[in-house]
$ cat protein11.pdb   # PDB, C-alpha atoms, pLDDT in the B column
ATOM      1  CA  MET A   1      21.949  16.968  -4.743  1.00 88.00           C
ATOM      2  CA  ASP A   2      22.012  20.092  -6.865  1.00 93.00           C
ATOM      3  CA  SER A   3      19.357  22.568  -7.982  1.00 93.00           C
ATOM      4  CA  LEU A   4      18.429  20.446 -11.046  1.00 95.00           C
ATOM      5  CA  ASP A   5      17.837  17.398  -8.828  1.00 95.00           C
ATOM      6  CA  ARG A   6      15.620  19.529  -6.580  1.00 94.00           C
ATOM      7  CA  ALA A   7      13.721  20.836  -9.614  1.00 95.00           C
ATOM      8  CA  ILE A   8      13.173  17.284 -10.898  1.00 96.00           C
ATOM      9  CA  ILE A   9      11.899  16.177  -7.498  1.00 94.00           C
ATOM     10  CA  ASP A  10       9.610  19.196  -7.355  1.00 92.00           C
ATOM     11  CA  VAL A  11       8.054  18.298 -10.723  1.00 93.00           C
ATOM     12  CA  LEU A  12       7.654  14.644  -9.708  1.00 93.00           C
ATOM     13  CA  ARG A  13       6.068  15.628  -6.385  1.00 88.00           C
ATOM     14  CA  ARG A  14       3.409  17.561  -8.298  1.00 87.00           C
ATOM     15  CA  ASP A  15       2.870  14.727 -10.789  1.00 90.00           C
ATOM     16  CA  ALA A  16       4.662  11.426 -10.216  1.00 90.00           C
ATOM     17  CA  ARG A  17       3.272  10.171 -13.531  1.00 92.00           C
ATOM     18  CA  ALA A  18       5.024  12.891 -15.561  1.00 94.00           C
ATOM     19  CA  SER A  19       7.190  11.423 -18.295  1.00 95.00           C
ATOM     20  CA  PHE A  20      10.925  12.044 -18.350  1.00 96.00           C
ATOM     21  CA  ALA A  21      10.334  14.237 -21.422  1.00 97.00           C
ATOM     22  CA  GLU A  22       7.727  16.328 -19.564  1.00 96.00           C
ATOM     23  CA  VAL A  23      10.025  16.697 -16.567  1.00 96.00           C
ATOM     24  CA  GLY A  24      12.903  17.579 -18.867  1.00 96.00           C
ATOM     25  CA  THR A  25      10.872  20.302 -20.567  1.00 96.00           C
ATOM     26  CA  GLU A  26      10.152  21.901 -17.187  1.00 95.00           C
ATOM     27  CA  VAL A  27      13.718  21.726 -15.876  1.00 96.00           C
ATOM     28  CA  GLY A  28      15.633  22.268 -19.113  1.00 96.00           C
ATOM     29  CA  LEU A  29      17.120  18.795 -19.608  1.00 96.00           C
ATOM     30  CA  SER A  30      16.695  15.996 -22.129  1.00 96.00           C
ATOM     31  CA  ALA A  31      14.527  13.027 -21.215  1.00 96.00           C
ATOM     32  CA  SER A  32      17.595  10.776 -21.036  1.00 97.00           C
ATOM     33  CA  ALA A  33      19.378  13.197 -18.674  1.00 97.00           C
ATOM     34  CA  VAL A  34      16.289  13.281 -16.438  1.00 97.00           C
ATOM     35  CA  LYS A  35      16.138   9.473 -16.443  1.00 96.00           C
ATOM     36  CA  ARG A  36      19.808   9.215 -15.396  1.00 97.00           C
ATOM     37  CA  ARG A  37      19.246  11.695 -12.576  1.00 97.00           C
ATOM     38  CA  VAL A  38      16.047   9.989 -11.382  1.00 97.00           C
ATOM     39  CA  ASP A  39      17.818   6.602 -11.447  1.00 96.00           C
ATOM     40  CA  ARG A  40      20.654   8.076  -9.365  1.00 96.00           C
ATOM     41  CA  LEU A  41      18.239   9.760  -6.947  1.00 96.00           C
ATOM     42  CA  ARG A  42      16.459   6.424  -6.495  1.00 95.00           C
ATOM     43  CA  ALA A  43      19.740   4.536  -6.003  1.00 96.00           C
ATOM     44  CA  ASP A  44      20.879   7.131  -3.439  1.00 95.00           C
ATOM     45  CA  GLY A  45      17.566   6.870  -1.569  1.00 93.00           C
ATOM     46  CA  ALA A  46      16.518  10.489  -2.134  1.00 93.00           C
ATOM     47  CA  ILE A  47      13.519   9.173  -4.078  1.00 93.00           C
ATOM     48  CA  ARG A  48      12.133   6.168  -2.219  1.00 91.00           C
ATOM     49  CA  GLY A  49       9.269   5.428  -4.574  1.00 89.00           C
ATOM     50  CA  PHE A  50       6.225   6.765  -6.337  1.00 87.00           C
ATOM     51  CA  SER A  51       2.724   6.693  -4.956  1.00 81.00           C
ATOM     52  CA  VAL A  52      -0.882   7.591  -5.492  1.00 79.00           C
ATOM     53  CA  ILE A  53      -2.444  10.148  -3.200  1.00 77.00           C
ATOM     54  CA  VAL A  54      -6.046   9.171  -2.577  1.00 78.00           C
ATOM     55  CA  ASP A  55      -8.589  11.576  -1.179  1.00 80.00           C
ATOM     56  CA  ARG A  56      -9.853   9.717   1.895  1.00 81.00           C
ATOM     57  CA  THR A  57     -13.223  11.401   1.558  1.00 82.00           C
ATOM     58  CA  ALA A  58     -13.635   9.759  -1.855  1.00 84.00           C
ATOM     59  CA  LEU A  59     -13.282   6.431  -0.045  1.00 84.00           C
ATOM     60  CA  GLY A  60     -15.835   7.518   2.529  1.00 87.00           C
ATOM     61  CA  TRP A  61     -13.332   7.832   5.393  1.00 89.00           C
ATOM     62  CA  THR A  62     -14.288  11.287   6.649  1.00 92.00           C
ATOM     63  CA  THR A  63     -13.890  11.054  10.431  1.00 96.00           C
ATOM     64  CA  GLU A  64     -10.497  12.003  11.864  1.00 96.00           C
ATOM     65  CA  ALA A  65      -9.081  12.092  15.349  1.00 98.00           C
ATOM     66  CA  PHE A  66      -5.788  12.643  17.107  1.00 98.00           C
ATOM     67  CA  VAL A  67      -5.251  10.217  19.947  1.00 98.00           C
ATOM     68  CA  GLU A  68      -2.752  10.498  22.772  1.00 98.00           C
ATOM     69  CA  VAL A  69      -1.503   7.069  23.825  1.00 97.00           C
ATOM     70  CA  TYR A  70      -0.254   6.312  27.322  1.00 97.00           C
ATOM     71  CA  CYS A  71       1.802   3.143  27.787  1.00 95.00           C
ATOM     72  CA  GLY A  72       3.455   1.233  30.586  1.00 86.00           C
ATOM     73  CA  ASP A  73       6.837   2.219  31.952  1.00 84.00           C
ATOM     74  CA  ARG A  74       9.767   1.800  29.597  1.00 87.00           C
ATOM     75  CA  THR A  75       7.674   0.980  26.532  1.00 92.00           C
ATOM     76  CA  SER A  76       9.978   1.549  23.583  1.00 94.00           C
ATOM     77  CA  PRO A  77       8.987   3.405  20.404  1.00 95.00           C
ATOM     78  CA  ASP A  78       9.481   0.154  18.471  1.00 95.00           C
ATOM     79  CA  VAL A  79       6.903  -1.620  20.632  1.00 95.00           C
ATOM     80  CA  ILE A  80       4.451   1.271  20.250  1.00 96.00           C
ATOM     81  CA  ARG A  81       4.978   1.204  16.469  1.00 96.00           C
ATOM     82  CA  GLU A  82       4.268  -2.540  16.383  1.00 95.00           C
ATOM     83  CA  CYS A  83       1.077  -2.058  18.431  1.00 94.00           C
ATOM     84  CA  VAL A  84      -0.393   0.701  16.297  1.00 96.00           C
ATOM     85  CA  ALA A  85       0.776  -0.554  12.886  1.00 96.00           C
ATOM     86  CA  ARG A  86      -1.736  -3.403  13.141  1.00 95.00           C
ATOM     87  CA  HIS A  87      -4.603  -0.928  12.824  1.00 97.00           C
ATOM     88  CA  PRO A  88      -5.292   0.428   9.307  1.00 93.00           C
ATOM     89  CA  GLU A  89      -7.099   3.452  10.734  1.00 95.00           C
ATOM     90  CA  VAL A  90      -3.782   4.760  12.101  1.00 96.00           C
ATOM     91  CA  VAL A  91      -2.366   6.870   9.277  1.00 93.00           C
ATOM     92  CA  ALA A  92       0.478   8.396  11.301  1.00 95.00           C
ATOM     93  CA  ALA A  93       2.082   7.851  14.706  1.00 97.00           C
ATOM     94  CA  TYR A  94       4.615   9.961  16.552  1.00 97.00           C
ATOM     95  CA  THR A  95       6.511   9.832  19.815  1.00 96.00           C
ATOM     96  CA  ILE A  96       6.046  13.162  21.563  1.00 96.00           C
ATOM     97  CA  THR A  97       7.120  15.172  24.582  1.00 95.00           C
ATOM     98  CA  GLY A  98       4.786  15.630  27.534  1.00 93.00           C
ATOM     99  CA  ASP A  99       2.758  13.101  29.485  1.00 94.00           C
ATOM    100  CA  ALA A 100       1.618  10.964  26.557  1.00 96.00           C
ATOM    101  CA  ASP A 101       3.985   8.430  25.039  1.00 96.00           C
ATOM    102  CA  ALA A 102       2.717   8.818  21.482  1.00 97.00           C
ATOM    103  CA  LEU A 103       0.275  10.717  19.309  1.00 98.00           C
ATOM    104  CA  LEU A 104      -1.750   8.891  16.659  1.00 98.00           C
ATOM    105  CA  HIS A 105      -3.646  10.283  13.704  1.00 97.00           C
ATOM    106  CA  LEU A 106      -6.658   8.095  12.940  1.00 97.00           C
ATOM    107  CA  VAL A 107      -9.023   8.214   9.984  1.00 95.00           C
ATOM    108  CA  ALA A 108     -12.276   6.260   9.920  1.00 96.00           C
ATOM    109  CA  GLU A 109     -15.510   5.975   7.987  1.00 95.00           C
ATOM    110  CA  ASP A 110     -17.710   7.350  10.751  1.00 95.00           C
ATOM    111  CA  MET A 111     -17.946   7.633  14.538  1.00 96.00           C
ATOM    112  CA  ARG A 112     -18.860   3.971  14.979  1.00 97.00           C
ATOM    113  CA  HIS A 113     -15.834   2.889  12.952  1.00 96.00           C
ATOM    114  CA  LEU A 114     -13.608   5.283  14.918  1.00 97.00           C
ATOM    115  CA  GLU A 115     -14.906   3.919  18.217  1.00 97.00           C
ATOM    116  CA  GLU A 116     -14.236   0.340  17.069  1.00 98.00           C
ATOM    117  CA  ALA A 117     -10.689   1.289  16.077  1.00 97.00           C
ATOM    118  CA  LEU A 118     -10.091   2.988  19.429  1.00 97.00           C
ATOM    119  CA  GLU A 119     -11.361  -0.074  21.291  1.00 97.00           C
ATOM    120  CA  ARG A 120      -9.015  -2.328  19.301  1.00 97.00           C
ATOM    121  CA  ILE A 121      -6.092  -0.008  19.998  1.00 97.00           C
ATOM    122  CA  ARG A 122      -6.921   0.107  23.721  1.00 96.00           C
ATOM    123  CA  ARG A 123      -6.830  -3.707  23.838  1.00 96.00           C
ATOM    124  CA  GLU A 124      -3.151  -3.681  22.859  1.00 95.00           C
ATOM    125  CA  PRO A 125      -1.260  -5.035  25.888  1.00 93.00           C
ATOM    126  CA  GLU A 126       1.202  -2.139  26.149  1.00 94.00           C
ATOM    127  CA  ILE A 127      -1.409   0.612  25.913  1.00 95.00           C
ATOM    128  CA  GLN A 128      -2.860   1.636  29.256  1.00 95.00           C
ATOM    129  CA  ARG A 129      -5.151   4.464  28.166  1.00 95.00           C
ATOM    130  CA  THR A 130      -5.864   6.954  25.416  1.00 97.00           C
ATOM    131  CA  ARG A 131      -7.196  10.476  25.115  1.00 97.00           C
ATOM    132  CA  SER A 132      -8.858  11.588  21.876  1.00 97.00           C
ATOM    133  CA  ALA A 133      -9.575  14.836  20.076  1.00 98.00           C
ATOM    134  CA  LEU A 134     -11.871  14.789  17.048  1.00 97.00           C
ATOM    135  CA  VAL A 135     -11.018  16.850  13.986  1.00 96.00           C
ATOM    136  CA  LEU A 136     -13.816  19.253  13.083  1.00 96.00           C
ATOM    137  CA  THR A 137     -12.255  21.048  10.108  1.00 92.00           C
ATOM    138  CA  ARG A 138      -8.917  20.530   8.417  1.00 89.00           C
ATOM    139  CA  LEU A 139      -7.604  24.058   8.037  1.00 92.00           C
ATOM    140  CA  LEU A 140      -4.301  23.288   6.344  1.00 89.00           C
ATOM    141  CA  ALA A 141      -2.667  20.156   4.995  1.00 81.00           C
ATOM    142  CA  ARG A 142       0.804  20.138   3.505  1.00 74.00           C
ATOM    143  CA  ASP A 143       2.925  17.355   2.135  1.00 67.00           C
ATOM    144  CA  PRO A 144       4.959  16.238   5.186  1.00 57.00           C
ATOM    145  CA  THR A 145       7.958  15.267   3.039  1.00 56.00           C
ATOM    146  CA  VAL A 146       8.826  18.877   2.257  1.00 49.00           C
TER     147      VAL A 146
END

$ encode --input "protein11.pdb" --output "structure tokens"
Amino acid sequence: MDSLDRAIIDVLRRDARASFAEVGTEVGLSASAVKRRVDRLRADGAIRGFSVIVDRTALGWTTEAFVEVYCGDRTSPDVIRECVARHPEVVAAYTITGDADALLHLVAEDMRHLEEALERIRREPEIQRTRSALVLTRLLARDPTV
């Protein structure tokens, strides 16, 4: 990947709907050259797809929490992933160091919805307990793919 590929990706990250001509104008290439590079970047896996970023607040999902998950002995990350992937309120999940086995980021409509999601998650057979922290204010949010 060279500096032109990085520039193309940067333009597409700002606006995935930009035409090849628009991208080309910004990076100094023809539309056909941009298309060839984007096709190659997709084939190589550097670009995995294009998506829409939706403001969760526009959907009414304004309540957020981070939840530590504690599992039974020797619970693998794959099993934890399977458990939490069933719940649409879980927008991210991580294995972490420390006492907890995983950290979940949940988004819900309101407190009642969040509580329902937590109860469903706690009923997963591998999850023994959870500990939650509610988000009061989001101070900074960056694209995690940087």

$ residues_around --input "protein11.pdb" --residues "segment 12-20 of chain A" --least-positions-apart "4" --cutoff "10 Å" --atoms "only C-alpha atoms" --output "list in words"
Arg6, Ala7, Ile8, Gly24, Thr25, Glu26, Leu29, Ser30, Ala31, Ser32, Ala33, Val34, Lys35, Arg36, Val38, Ile47, Gly49, Phe50, Ser51, Val52, Asp143, Thr145 and Val146 of chain A

$ atom_distance --input "protein11.pdb" --atom1 "atom CA of Leu134 of chain A" --atom2 "atom CA of Arg74 of chain A"
28.2 Å

$ atom_distance --input "protein11.pdb" --atom1 "atom CA of Ser3 of chain A" --atom2 "atom CA of Asp44 of chain A"
16.2 Å

$ atom_distance --input "protein11.pdb" --atom1 "atom CA of Asp5 of chain A" --atom2 "atom CA of Arg142 of chain A"
21.2 Å

$ residues_around --input "protein11.pdb" --residues "segment 116-118 of chain A" --least-positions-apart "6" --cutoff "12 Å" --atoms "all atoms listed in the file" --output "ChimeraX atom specification"
/A:63-69,84,86-90,104-110,124,127,129-133

$ axis_aligned_box --input "protein11.pdb" --around "segment 4-20 of chain A" --padding-each-side "3 Å" --output "lines of an AutoDock Vina configuration file"
center_x = 10.6
center_y = 15.5
center_z = -12.4
size_x = 21.6
size_y = 16.7
size_z = 18.0

$ resolve_selection --input "protein11.pdb" --expression "the PyMOL selection byres ((chain A and resi 100) around 9)" --output "list in words"
Glu68, Val69, Tyr70, Cys71, Thr95, Ile96, Thr97, Gly98, Asp99, Asp101, Ala102, Leu103, Thr130 and Arg131 of chain A

$ closest_residue --input "protein11.pdb" --among "A:Arg42, A:Ile121, A:Ser76, A:His113" --to "Gly60 of chain A" --atoms "all atoms listed in the file"
A:His113
